[in-house]
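Following: one structure in structure tokens, then a few remarks.
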Amino acid sequence: MVVGVLGVSGGLAVGGLVLLAVLGWALQRAVDTEAFRTADAVALLAAEEVLPDPLPVAGGQVRVQVIDAEGRVRAASIDADRLVPMVSPQRLDTGARQRLTVSGERVGLAGPVRVVAVPAGTAADPRTVLVARSLADVRHSAHVVRTILLVSFPLLVAVLAAVAWRVVGATLRPVEALRRGAEEITGRDGGGRLPVPASQDEIHRLAVTLNGMLGRLESARDRQRAFVADAAHELRSPLTNIRTELEVARRLADRTDWTAVSANLLADTERLGRLVDDLLLLARLDERPTARATGPVELGALLAAVAARYPSPPVRLDAPATPLWTEGDPDELRRILTNLVDNAVRHARGEVVLAAGPAADRAGGDRAGGDGGTVGEGDGRAAGRGDSGAGTVGHGDSGAGTAGRKAGGGAVAYHLVTVTDDGPGIPAADRERVFGRFTRLDDARARDDGGAGLGLAIVRELVRRAGGGIVLTDAHPGRDGGPGLRVRLLLPALPDAERP
């Protein structure tokens with residue numbers, strides 16, 4: 001604020017100096033103009049040889065003389081000296097119009113005097129008209145303005161400083177409140193927010209934006225804490241099992257069946273390794289931006305490769321009639337299908353069916369069956385639009401809205417892959433929740449059977465990276481023994497021009 005006041009003060013000072021200079025120049029120019037007008041009138045009389053005596057003038061602050069080439073006064077106004085010219089002949093330039101400033105004592109006027117010289121007469125008898133006007137009024141006017149500026153300038157600066165102090169203080173008061181609020185926020189309490197001023201201005205919008213950022217940071221911190229807590233809990237279970245096996249084996253000593261112990265330890269170690277791998281994969285997916293396609297992948301061949309890893313029955317492949325090309329990372333697409341099939345095999349009673357086809361055909365067939373599953377609209381979270389709700393996860397946001405719009409518009413822009421099992425299914429209210437990390441439903445809480453609850457979470461992240469969508473629906477609504485579960489996976493179709 002001090003710098004601003006000093007800047008304004010400097011600007012006012014410069015403006016005052018410029019005002020004084022312009023005012024002095026304007027007043028002196030007015031004096032010169034009036035003097036030249038009088039001199040031109042007298043020169044006209046001299047040229048016609050009709051000079052009156054004395055010369056007529058207007059006002060008591062004007063003196064007029066007409067001198068010849070020898071410097072003799074030939075005519076003068078009533079108050080002018082008739083013997084001594086107002087300007088010595090040596091300073092005059094015969095035949096040129098001049099402006100001169102002389103002392104008032106030489107003319108008989110107070111203060112400096114402005115004298116103009118205008119040539120007159122004829123070539124045989126050249127003369128010069130001298131008109132003198134006092135600059136006392138000019139100097140007085142400039143002095144008055146200068147005095148006013150000197151008196152008003154400090155007062156104006158003081159008023160401006162006071163106004164600036166109040167305005168800047170009122171402006172910075174919300175900023176100071178934000179600073180104090182930010183100083184009170186620590187990493188330990190999760191509810192810290194900045195005070196939001198009532199005024200609807202830039203400070204208000206800044207506070208709202210910062211509070212939104214703090215909310216997102218708090219959510220991220222809560223997710224990180226929950227993730228760390230869940231990961232620690234999941235890691236503790238296999239480690240506890242390993243420790244228990246070793247302590248029991250040490251107590252039994254020679255009676256220990258080391259073959260069984262080693263088998264149990266190996267199983268726990270493999271489970272621990274899978275859990276660590278899943279956690280590392282999720283951490284990498286959180287850090288990396290959404291990936292784009294890395295190459296063409298034929299879904300029929302990919303489904304056949306995944307199905308070959310499981311016994312038949314229960315896994316059965318309904319191979320597509322024509323090649324279905326998509327684009328993406330082959331390893332990530334394989335991981336998506338593997339996790340879905342693992343989940344289906346874990347809960348199926350007798351059959352798991354893998355199938356693929358154009359999204360428009362299969363999506364229409366599924367809807368015709370009345371399962372109620374929809375591929376999202378808007379933000380993609382269109383769950384429960386029919387008899388049975390559908391949990392959705394899509395690309396971009398948390399839905400498959402783009403996929404649904406393209407597939408529903410008639411152009412086959414996506415392929416549909418389904419994984420269907422005849423197990424108990426998933427209640428409609430839980431179909432969104434199962435995509436959360438470390439989520440287990442009531443019938444799958446046993447860690448030996450239900451896993452760590454990371455499989456579908458990994459699927460969700462990989463589907464987002466692939467630019468697709470995923471929907472959970474009932475496979476056989478109303479069937480005794482459970483409706484089963486159908487996972488509908490949308491993957492972007494490769495244009496014909498880009499297929500191998």
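If you're wondering about the labels, chains in the structure tokens are A, B, ... by order shown, residues count from 1 in each chain, ligands from 1 in order shown.
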**Q.** Every residue of stretch 151-330 of chain A that DSSP places in alpha helix (DSSP H), as number ranges by chain
**A.** A: 151-184, 202-252, 258-287, 299-307, 330
Q: Find the spatial neighbours of A:Leu324, counting only C-alpha atoms, within a cut-off of 12 Å - ignore same-chain residues fewer than 6 positions away - and output them as a ChimeraX atom specification.
A: /A:296-303,355-359,412-417,491-496,499-500
Q: Name the residues in contact with A:Thr94 at a cut-off of 12 Å, using only C-alpha atoms, excluding same-chain residues fewer than 3 positions from it; report them as a VMD selection string.
A: chain A and resid 67 to 71 89 to 91 97 to 98 117 to 121 123 125 to 129
Q. Between A:Val66, A:Leu109, A:Ala319, A:Trp165, which is the closest to A:Asp40 once you count only C-alpha atoms?
A.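 Result for the nearest residue to A:Asp40: A:Val66.
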Q) Quick one: distance from atom CA of A:Ser312 to atom CA of A:Glu351 in Å, one decimal? A)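 Pair atom CA of A:Ser312 / atom CA of A:Glu351 returns 8.8 Å.
The smallest atom-to-atom distance between A:Leu100 and any of A:Ala132, A:Val84, A:Val487, A:Val157, using only C-alpha atoms, is found for A:Ala132.
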Q. Given the choices A:Leu130, A:Ala21, A:Val42, A:Val144, which gets closest to A:Gln65 if the distance is worked out from only C-alpha atoms?
A. A:Leu130
(Q) Given only C-alpha atoms as the basis, pick out the residue of A:Arg440, A:Arg74, A:Arg465, A:Arg431 nearest to A:Leu55. (A)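 Smallest separation from A:Leu55 among the options: A:Arg74.
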Q: Going by DSSP on the backbone, which bits of stretch 90-207 of chain A are strand (DSSP E)? Write them as a PyMOL selection string, please.
A: chain A and resi 98-102+113-121+126-134
Q. Counting only C-alpha atoms, what is within 7 Å of stretch 263-278 of chain A, bar same-chain residues fewer than 4 positions away, as a PyMOL selection string?
A. chain A and resi 235+238+242+259+282+454
